[in-house]
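Here's model-v3.cif, which has mmCIF, C-alpha atoms:
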```cif
data_my_file
loop_
_atom_site.group_PDB
_atom_site.id
_atom_site.type_symbol
_atom_site.label_atom_id
_atom_site.label_comp_id
_atom_site.auth_asym_id
_atom_site.auth_seq_id
_atom_site.Cartn_x
_atom_site.Cartn_y
_atom_site.Cartn_z
ATOM 1 C CA MET A 1 11.124 -23.945 -18.201
ATOM 2 C CA THR A 2 9.749 -20.383 -18.204
ATOM 3 C CA ASN A 3 9.050 -18.379 -15.054
ATOM 4 C CA LYS A 4 5.309 -18.627 -15.617
ATOM 5 C CA ARG A 5 5.426 -22.426 -15.896
ATOM 6 C CA LEU A 6 7.481 -22.691 -12.700
ATOM 7 C CA PHE A 7 4.985 -20.412 -10.956
ATOM 8 C CA PHE A 8 1.942 -22.508 -11.860
ATOM 9 C CA LEU A 9 3.741 -25.808 -11.206
ATOM 10 C CA PHE A 10 4.666 -24.730 -7.684
ATOM 11 C CA ALA A 11 1.127 -23.463 -7.060
ATOM 12 C CA PHE A 12 -0.296 -26.808 -8.246
ATOM 13 C CA LEU A 13 2.001 -28.780 -5.920
ATOM 14 C CA ILE A 14 0.982 -26.724 -2.901
ATOM 15 C CA VAL A 15 -2.735 -27.058 -3.644
ATOM 16 C CA THR A 16 -2.588 -30.824 -4.191
ATOM 17 C CA LEU A 17 -0.205 -31.811 -1.393
ATOM 18 C CA SER A 18 -1.039 -29.507 1.492
ATOM 19 C CA PRO A 19 -4.411 -31.105 2.406
ATOM 20 C CA LEU A 20 -2.543 -34.351 3.139
ATOM 21 C CA PHE A 21 -0.670 -32.706 6.005
ATOM 22 C CA ALA A 22 -3.023 -30.067 7.368
ATOM 23 C CA GLN A 23 -5.513 -30.912 10.068
ATOM 24 C CA ARG A 24 -7.578 -27.819 10.700
ATOM 25 C CA LEU A 25 -8.593 -24.562 9.061
ATOM 26 C CA GLY A 26 -7.459 -21.270 10.576
ATOM 27 C CA GLY A 27 -6.536 -17.758 9.597
ATOM 28 C CA GLY A 28 -6.806 -14.140 10.606
ATOM 29 C CA LEU A 29 -6.268 -10.527 9.681
ATOM 30 C CA MET A 30 -2.930 -9.078 8.549
ATOM 31 C CA LEU A 31 -1.815 -5.443 8.763
ATOM 32 C CA GLY A 32 1.471 -3.581 8.830
ATOM 33 C CA PRO A 33 3.974 -1.332 7.110
ATOM 34 C CA ALA A 34 5.351 -2.167 3.672
ATOM 35 C CA PHE A 35 8.576 -0.883 2.153
ATOM 36 C CA SER A 36 8.645 -1.126 -1.618
ATOM 37 C CA THR A 37 10.971 -0.264 -4.447
ATOM 38 C CA MET A 38 11.332 -1.086 -8.123
ATOM 39 C CA SER A 39 14.191 -2.289 -10.303
ATOM 40 C CA ILE A 40 14.054 -0.018 -13.349
ATOM 41 C CA SER A 41 16.382 -0.312 -16.329
ATOM 42 C CA GLY A 42 18.758 2.623 -16.539
ATOM 43 C CA ASN A 43 17.759 3.997 -13.132
ATOM 44 C CA ASP A 44 20.117 3.344 -10.229
ATOM 45 C CA SER A 45 18.615 5.931 -7.857
ATOM 46 C CA THR A 46 15.495 4.042 -6.731
ATOM 47 C CA THR A 47 15.025 3.624 -2.985
ATOM 48 C CA PHE A 48 12.402 2.050 -0.727
ATOM 49 C CA ARG A 49 9.198 3.971 -0.121
ATOM 50 C CA PRO A 50 7.205 3.308 3.088
ATOM 51 C CA ASP A 51 3.478 2.595 2.954
ATOM 52 C CA PHE A 52 1.229 -0.224 4.209
ATOM 53 C CA THR A 53 -0.361 -3.565 3.409
ATOM 54 C CA GLY A 54 -3.309 -5.420 4.912
ATOM 55 C CA GLY A 55 -5.778 -8.206 4.313
ATOM 56 C CA VAL A 56 -6.723 -11.713 5.374
ATOM 57 C CA ARG A 57 -5.029 -15.089 5.545
ATOM 58 C CA ILE A 58 -6.666 -18.516 5.422
ATOM 59 C CA ALA A 59 -4.417 -21.358 6.545
ATOM 60 C CA LEU A 60 -4.395 -25.128 6.743
ATOM 61 C CA ILE A 61 -2.731 -25.508 10.140
ATOM 62 C CA PRO A 62 -1.291 -28.851 11.271
ATOM 63 C CA GLU A 63 -1.481 -29.844 14.911
ATOM 64 C CA ARG A 64 1.374 -32.353 14.849
ATOM 65 C CA SER A 65 2.935 -32.178 11.374
ATOM 66 C CA ILE A 66 5.526 -29.548 10.430
ATOM 67 C CA ILE A 67 3.944 -28.827 7.034
ATOM 68 C CA GLY A 68 0.982 -26.548 6.369
ATOM 69 C CA ALA A 69 -0.206 -24.058 3.757
ATOM 70 C CA GLU A 70 -2.045 -20.785 3.426
ATOM 71 C CA ILE A 71 -3.489 -18.372 0.925
ATOM 72 C CA ASP A 72 -3.581 -14.617 1.558
ATOM 73 C CA VAL A 73 -5.554 -11.811 -0.032
ATOM 74 C CA LEU A 74 -3.761 -8.510 0.588
ATOM 75 C CA TYR A 75 -4.192 -4.910 -0.464
ATOM 76 C CA SER A 76 -0.708 -3.461 -0.940
ATOM 77 C CA ARG A 77 0.411 0.106 -1.628
ATOM 78 C CA GLN A 78 3.681 -0.181 -3.528
ATOM 79 C CA GLY A 79 6.006 1.731 -5.807
ATOM 80 C CA MET A 80 9.334 3.419 -5.235
ATOM 81 C CA SER A 81 11.008 6.693 -4.368
ATOM 82 C CA SER A 82 14.016 8.267 -6.055
ATOM 83 C CA LYS A 83 16.889 9.890 -4.235
ATOM 84 C CA LYS A 84 16.664 13.655 -3.810
ATOM 85 C CA GLY A 85 18.089 15.718 -6.640
ATOM 86 C CA LEU A 86 18.166 19.242 -8.016
ATOM 87 C CA ASP A 87 16.403 20.637 -11.070
ATOM 88 C CA GLU A 88 17.694 23.374 -13.364
ATOM 89 C CA ASN A 89 16.502 26.021 -10.873
ATOM 90 C CA ASN A 90 18.287 24.363 -7.924
ATOM 91 C CA ASN A 91 14.982 23.267 -6.414
ATOM 92 C CA THR A 92 15.043 19.970 -4.513
ATOM 93 C CA ILE A 93 13.043 17.309 -6.349
ATOM 94 C CA ARG A 94 12.033 13.730 -5.664
ATOM 95 C CA ILE A 95 10.150 11.395 -7.995
ATOM 96 C CA MET A 96 7.887 8.640 -6.684
ATOM 97 C CA GLU A 97 5.803 5.871 -8.181
ATOM 98 C CA LYS A 98 2.718 4.990 -6.121
ATOM 99 C CA SER A 99 0.821 1.863 -7.135
ATOM 100 C CA HIS A 100 -2.075 -0.175 -5.763
ATOM 101 C CA TYR A 101 -2.160 -3.986 -5.852
ATOM 102 C CA ILE A 102 -4.361 -6.834 -4.744
ATOM 103 C CA ASN A 103 -1.857 -9.620 -4.047
ATOM 104 C CA VAL A 104 -2.668 -13.303 -3.597
ATOM 105 C CA PRO A 105 0.297 -15.380 -2.354
ATOM 106 C CA LEU A 106 -0.056 -19.156 -2.056
ATOM 107 C CA LEU A 107 2.432 -20.272 0.575
ATOM 108 C CA LEU A 108 3.859 -23.504 1.871
ATOM 109 C CA ASN A 109 4.287 -23.193 5.657
ATOM 110 C CA ILE A 110 7.187 -25.035 7.233
ATOM 111 C CA TYR A 111 7.126 -25.116 11.039
ATOM 112 C CA LEU A 112 10.694 -25.038 12.344
ATOM 113 C CA ARG A 113 10.011 -27.359 15.262
ATOM 114 C CA LYS A 114 7.481 -30.053 16.019
ATOM 115 C CA TRP A 115 4.300 -29.295 17.889
ATOM 116 C CA LYS A 116 4.355 -29.928 21.629
ATOM 117 C CA GLU A 117 1.523 -31.158 23.783
ATOM 118 C CA ASP A 118 1.074 -27.744 25.417
ATOM 119 C CA ASP A 119 1.022 -25.762 22.128
ATOM 120 C CA GLU A 120 -2.393 -24.125 21.866
ATOM 121 C CA ASP A 121 -1.837 -22.647 18.407
ATOM 122 C CA GLU A 122 0.923 -21.874 15.918
ATOM 123 C CA SER A 123 1.921 -18.504 17.380
ATOM 124 C CA MET A 124 4.854 -19.773 19.465
ATOM 125 C CA ILE A 125 6.321 -21.943 16.705
ATOM 126 C CA PRO A 126 8.799 -20.273 14.306
ATOM 127 C CA ARG A 127 7.541 -20.622 10.742
ATOM 128 C CA LEU A 128 9.034 -20.303 7.283
ATOM 129 C CA ARG A 129 6.602 -19.471 4.509
ATOM 130 C CA ILE A 130 7.510 -19.663 0.838
ATOM 131 C CA GLY A 131 5.608 -19.778 -2.433
ATOM 132 C CA PRO A 132 4.387 -17.978 -5.546
ATOM 133 C CA GLN A 133 2.350 -14.797 -5.604
ATOM 134 C CA ILE A 134 0.094 -13.308 -8.220
ATOM 135 C CA GLY A 135 -0.842 -9.645 -8.075
ATOM 136 C CA PHE A 136 -3.442 -7.465 -9.748
ATOM 137 C CA CYS A 137 -2.533 -3.812 -10.299
ATOM 138 C CA ILE A 138 -5.529 -1.508 -9.945
ATOM 139 C CA GLY A 139 -3.692 1.688 -10.861
ATOM 140 C CA GLY A 140 -0.934 4.059 -9.912
ATOM 141 C CA ASN A 141 0.453 7.579 -10.058
ATOM 142 C CA ASP A 142 3.668 9.364 -10.959
ATOM 143 C CA VAL A 143 4.376 11.859 -8.179
ATOM 144 C CA LEU A 144 6.840 14.744 -8.441
ATOM 145 C CA ASN A 145 7.726 16.606 -5.241
ATOM 146 C CA VAL A 146 9.362 20.003 -5.751
ATOM 147 C CA LYS A 147 10.726 21.964 -2.783
ATOM 148 C CA THR A 148 11.621 25.597 -3.377
ATOM 149 C CA LYS A 149 12.890 28.178 -0.891
ATOM 150 C CA LYS A 150 9.323 29.369 -0.286
ATOM 151 C CA LYS A 151 7.111 26.286 -0.511
ATOM 152 C CA GLN A 152 6.762 22.636 -1.421
ATOM 153 C CA GLN A 153 4.602 21.486 -4.311
ATOM 154 C CA GLN A 154 3.426 18.065 -5.433
ATOM 155 C CA TYR A 155 2.431 17.145 -8.985
ATOM 156 C CA ILE A 156 0.432 13.942 -9.455
ATOM 157 C CA THR A 157 -0.047 12.240 -12.825
ATOM 158 C CA PRO A 158 -2.250 9.113 -12.946
ATOM 159 C CA TRP A 159 -0.920 6.178 -14.937
ATOM 160 C CA GLU A 160 -2.503 5.772 -18.340
ATOM 161 C CA PRO A 161 -4.611 2.556 -18.411
ATOM 162 C CA ASP A 162 -2.572 1.060 -21.259
ATOM 163 C CA SER A 163 0.854 2.002 -19.823
ATOM 164 C CA PHE A 164 1.106 -0.704 -17.138
ATOM 165 C CA ASN A 165 0.544 -4.438 -16.847
ATOM 166 C CA ARG A 166 -2.475 -5.468 -14.820
ATOM 167 C CA ILE A 167 -0.946 -8.818 -13.793
ATOM 168 C CA ASP A 168 2.130 -9.155 -11.598
ATOM 169 C CA TYR A 169 3.730 -12.356 -10.335
ATOM 170 C CA GLY A 170 6.724 -13.340 -8.262
ATOM 171 C CA LEU A 171 8.037 -15.315 -5.313
ATOM 172 C CA THR A 172 7.417 -14.667 -1.621
ATOM 173 C CA ALA A 173 9.396 -15.769 1.436
ATOM 174 C CA ALA A 174 8.645 -14.972 5.069
ATOM 175 C CA LEU A 175 9.663 -15.696 8.641
ATOM 176 C CA SER A 176 6.984 -15.665 11.339
ATOM 177 C CA TYR A 177 7.046 -15.899 15.106
ATOM 178 C CA TRP A 178 4.362 -15.057 17.642
ATOM 179 C CA PHE A 179 2.006 -12.686 15.762
ATOM 180 C CA ILE A 180 4.740 -10.927 13.768
ATOM 181 C CA GLU A 181 5.895 -11.736 10.258
ATOM 182 C CA VAL A 182 8.668 -10.308 8.064
ATOM 183 C CA ARG A 183 8.020 -10.958 4.387
ATOM 184 C CA TYR A 184 9.894 -10.282 1.152
ATOM 185 C CA THR A 185 8.348 -10.486 -2.308
ATOM 186 C CA TYR A 186 10.487 -10.586 -5.425
ATOM 187 C CA GLY A 187 8.546 -9.417 -8.466
ATOM 188 C CA MET A 188 9.248 -11.133 -11.776
ATOM 189 C CA ALA A 189 6.854 -9.339 -14.149
ATOM 190 C CA ASN A 190 7.350 -5.890 -15.649
ATOM 191 C CA VAL A 191 5.220 -3.175 -14.078
ATOM 192 C CA PHE A 192 5.272 -0.975 -17.171
ATOM 193 C CA LYS A 193 4.668 -2.172 -20.711
ATOM 194 C CA GLU A 194 7.458 -0.057 -22.185
ATOM 195 C CA GLY A 195 10.885 1.143 -21.099
ATOM 196 C CA GLY A 196 12.686 -2.104 -20.323
ATOM 197 C CA LYS A 197 12.833 -3.876 -16.974
ATOM 198 C CA SER A 198 10.566 -2.579 -14.170
ATOM 199 C CA THR A 199 9.880 -5.067 -11.383
ATOM 200 C CA ASN A 200 8.487 -4.764 -7.849
ATOM 201 C CA HIS A 201 10.343 -5.608 -4.637
ATOM 202 C CA VAL A 202 8.462 -5.396 -1.333
ATOM 203 C CA ILE A 203 9.409 -5.937 2.309
ATOM 204 C CA SER A 204 6.563 -5.981 4.841
ATOM 205 C CA VAL A 205 6.354 -6.346 8.613
ATOM 206 C CA THR A 206 2.851 -7.446 9.551
ATOM 207 C CA TRP A 207 0.874 -8.316 12.628
ATOM 208 C CA SER A 208 -1.531 -11.214 12.210
ATOM 209 C CA ASP A 209 -4.013 -12.631 14.673
ATOM 210 C CA ILE A 210 -4.840 -16.332 14.622
ATOM 211 C CA TRP A 211 -8.197 -18.043 14.951
#
```

Take the structure in this file and express it as structure tokens.
Amino acid sequence: MTNKRLFFLFAFLIVTLSPLFAQRLGGGLMLGPAFSTMSISGNDSTTFRPDFTGGVRIALIPERSIIGAEIDVLYSRQGMSSKKGLDENNNTIRIMEKSHYINVPLLLNIYLRKWKEDDEDESMIPRLRIGPQIGFCIGGNDVLNVKTKKKQQQYITPWEPDSFNRIDYGLTAALSYWFIEVRYTYGMANVFKEGGKSTNHVISVTWSDIW
């Protein structure tokens, strides 16, 4: 079975089964730092680049069951940074990819203990979230930083519209407790149309209120 078929099968299972367990609708805002990199064929110098992500979550929250679900809509600034190097003039250089995504993960929420009578909401229950994500790339830039003895310069080249794939997809897993969540997304689609493998990998640490 191909990756795409697995993705849509898992999404279908979450959509059809989660209403059987959830008892009320909730959600909130999400915001926090994101650390992204890319796996690029032939390039072993990519490192994580810090930026941010933010958006909204809508959740089916159980009051007694341990199974729930949610869908998020997040704006995410992604990409990667290379390690520092030297050019032919011994200037320090660093190459970065900066991309912009609208990501929509569909997550199965597994509460790691049962609800107690005095639980007012889900914030004090540890939660595991896992599921597929689809992303929509709205553009990006190649960024070259050059540091000479006298100054530092930055050269920005926008991605050509036909050089990158608009659709991204992958798998997301997260651990949540209180209002804090640590999330990892493993990209499975190529970012660029040419040049071999080029996939996204993102770690985020977000704060999310609950209503």

request  = Quick one: apply the PyMOL selection byres ((chain A and resi 137) around 7) to the file and drop the selected residues here as a VMD selection string.
outcome  = chain A and resid 100 to 102 135 to 136 138 to 139 166 to 167

Selection: 7 Å around segment 39-42 of chain A, all atoms listed in the file, excl. self and same-chain fewer than 3 positions, as a PDB file with C-alpha atoms, in the frame of the given file:
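Output contents, as saved in around_37.pdb:
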```pdb
ATOM      1  CA  GLY A 196      12.686  -2.104 -20.323  1.00  0.00           C
ATOM      2  CA  LYS A 197      12.833  -3.876 -16.974  1.00  0.00           C
ATOM      3  CA  SER A 198      10.566  -2.579 -14.170  1.00  0.00           C
ATOM      4  CA  THR A 199       9.880  -5.067 -11.383  1.00  0.00           C
ATOM      5  CA  ASN A 200       8.487  -4.764  -7.849  1.00  0.00           C
TER       6      ASN A 200
END
```

task = Take the PyMOL selection byres ((chain A and resi 128) around 6), apply it to the structure above, and return the hits as a PyMOL selection string.
result = chain A and resi 109-110+127+129+174-175

Write out the residues from the selection above, keeping C-alpha atoms, as a PDB file, in the frame of the given file.
```
ATOM      1  CA  ASN A 109       4.287 -23.193   5.657  1.00  0.00           C
ATOM      2  CA  ILE A 110       7.187 -25.035   7.233  1.00  0.00           C
ATOM      3  CA  ARG A 127       7.541 -20.622  10.742  1.00  0.00           C
ATOM      4  CA  ARG A 129       6.602 -19.471   4.509  1.00  0.00           C
ATOM      5  CA  ALA A 174       8.645 -14.972   5.069  1.00  0.00           C
ATOM      6  CA  LEU A 175       9.663 -15.696   8.641  1.00  0.00           C
TER       7      LEU A 175
END
```

query = Within 8 Å of Tyr184 of chain A, counting all atoms listed in the file, which residues qualify if same-chain residues fewer than 4 places away don't, as a VMD selection string?
reply = chain A and resid 172 to 174 201 to 204

task = Apply the PyMOL selection byres ((chain A and resi 94) around 9) to the file shown and report the selected residues as a PyMOL selection string.
result = chain A and resi 81-86+92-93+95-96+143-147

remark   = In Å and to one decimal, atom CA of Gln154 of chain A is distant from atom CA of Gly140 of chain A by 15.3 Å

Selection near Met124 of chain A, 9 Å with all atoms listed in the file, sequence-local residues under 6 positions removed, as a compact mmCIF listing (two decimals) with C-alpha atoms, in the frame of the given file:
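The resulting out.txt:
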```
# COMPACT_ATOMS: atom_id res chain seq x y z
CA TYR A 177 7.05 -15.90 15.11
CA TRP A 178 4.36 -15.06 17.64
CA PHE A 179 2.01 -12.69 15.76
```

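Minimum atom-to-atom distances from A:Gly131, A:Lys114, A:Ala34, A:Trp211 to Pro62 of chain A were compared using only C-alpha atoms, and the lowest value belongs to A:Lys114.
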
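Nearest to Asp72 of chain A of all the residues A:Asn141, A:Ser208, A:Thr37, A:Asn165 is A:Ser208, counting only C-alpha atoms.
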
Nearby residues (all atoms listed in the file) at most 6 Å from Gly54 of chain A, same-chain spacing under 4 positions excluded, as a count of residues only = 4

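Among the candidate residues A:Pro161, A:Pro33, A:Gly68, A:Pro126, the one lying nearest to Phe48 of chain A is A:Pro33, with distances computed using only C-alpha atoms.
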
ask   = Do you have the atom CA of Leu60 of chain A-atom CA of Leu25 of chain A distance handy?
value = 4.8 Å

query = With only C-alpha atoms as the atoms that count, which of A:Ile58, A:Val191, A:Gly26, A:Glu181 lies nearest to Met38 of chain A?
reply = A:Val191
